[in-house]
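Student: One structure coming up, written as structure tokens, with questions to follow.
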Amino acid sequence: MNIENKEPKFKLGDYVRKTKGSQWRGKIVGTYSTELTQEGYCVESAYEEGSVQIYPAAALEKVKL
């Protein structure tokens with residue numbers, strides 16, 4: 001995932017939360033990468049069925065639900 005060939009911060013199925021600003025908690029369901037965001041994740045909400053948001057790895061931390 002990471003251009004520097006490091007292990008990805010999260011795995012599919014990990015539960016995470018957004019660390020700053022508005023709240024978002026859920027499960028990693030996908031990944032993405034852009035020029036500005038080398039390691040990004042798609043997070044499906046644990047509370048709003050079918051709702052997904054994307055965040056850079058730096059904006060998330062692993063949690064237990």
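Labeling convention for the structure tokens: chains A, B, ... as they appear, residues from 1 per chain, ligands from 1 in order of appearance.
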Could you find all residues in chain A that DSSP calls strand (DSSP E or B) from the backbone, and write them as a list in words?
Tutor: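 Residues meeting the strand (DSSP E or B) criterion: Tyr15, Val16, Arg17, Lys18, Arg25, Gly26, Lys27, Ile28, Val29, Gly30, Thr31, Tyr32, Gly40, Tyr41, Cys42, Val43, Glu44, Ser45, Val52, Gln53, Ile54, Tyr55, Pro56, Leu60, Glu61 and Lys62 of chain A.
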Student: What's around region 10-15 of chain A at 7 Å? Count only C-alpha atoms, leave out sequence neighbours fewer than 2 positions away in its own chain, and write the answer as a PyMOL selection string.
Tutor: chain A and resi 8+26-30+62-64
Student: With C-alpha atoms retained, write the just-selected residues as a CSV table (one decimal), in the first residue's frame.
Tutor:
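Output contents, as saved in selection.csv:
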```csv
chain,number,residue,atom,x,y,z
A,8,PRO,CA,0.0,-1.0,5.6
A,26,GLY,CA,-16.4,1.7,11.4
A,27,LYS,CA,-14.6,-1.1,9.5
A,28,ILE,CA,-11.9,-0.8,6.9
A,29,VAL,CA,-13.5,-2.1,3.6
A,30,GLY,CA,-11.1,-0.8,1.0
A,62,LYS,CA,-7.5,1.3,15.4
A,63,VAL,CA,-10.2,0.6,18.0
A,64,LYS,CA,-12.2,-2.3,19.5
```
Student: Between A:Glu39, A:Thr31, A:Glu44, A:Lys6, which residue has the minimum interatomic distance to Ala59 (chain A), considering only C-alpha atoms?
Tutor: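 Residue with the minimum atom-to-atom distance to Ala59 (chain A): A:Glu39.
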Student: Hey, which of A:Thr19, A:Arg25, A:Leu65, A:Glu7 ends up closest to Tyr47 (chain A)? Count only C-alpha atoms.
Tutor: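 Among A:Thr19, A:Arg25, A:Leu65, A:Glu7, it is A:Arg25 that comes nearest to Tyr47 (chain A).
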Student: May I have the residues within 8 Å of Val52 (chain A) as a PyMOL selection string, using only C-alpha atoms and disregarding those fewer than 3 positions away in the same chain?
Tutor: chain A and resi 42-45
Student: Can you measure CA of Pro56 (chain A) to CA of Gln38 (chain A) for me? One decimal in Å is fine.
Tutor: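 Interatomic distance, CA of Pro56 (chain A) to CA of Gln38 (chain A): 7.9 Å.
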Student: With distances taken over only C-alpha atoms, which of A:Lys18, A:Gln53, A:Gln23, A:Ala58 is nearest to Thr37 (chain A)?
Tutor: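 Distance minimum relative to Thr37 (chain A) lands on A:Ala58.
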Student: For the atom pair CA of Leu60 (chain A) and CA of Trp24 (chain A), what is the interatomic distance in Å to one decimal place?
Tutor: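 Answer for the CA of Leu60 (chain A) to CA of Trp24 (chain A) separation: 9.3 Å.
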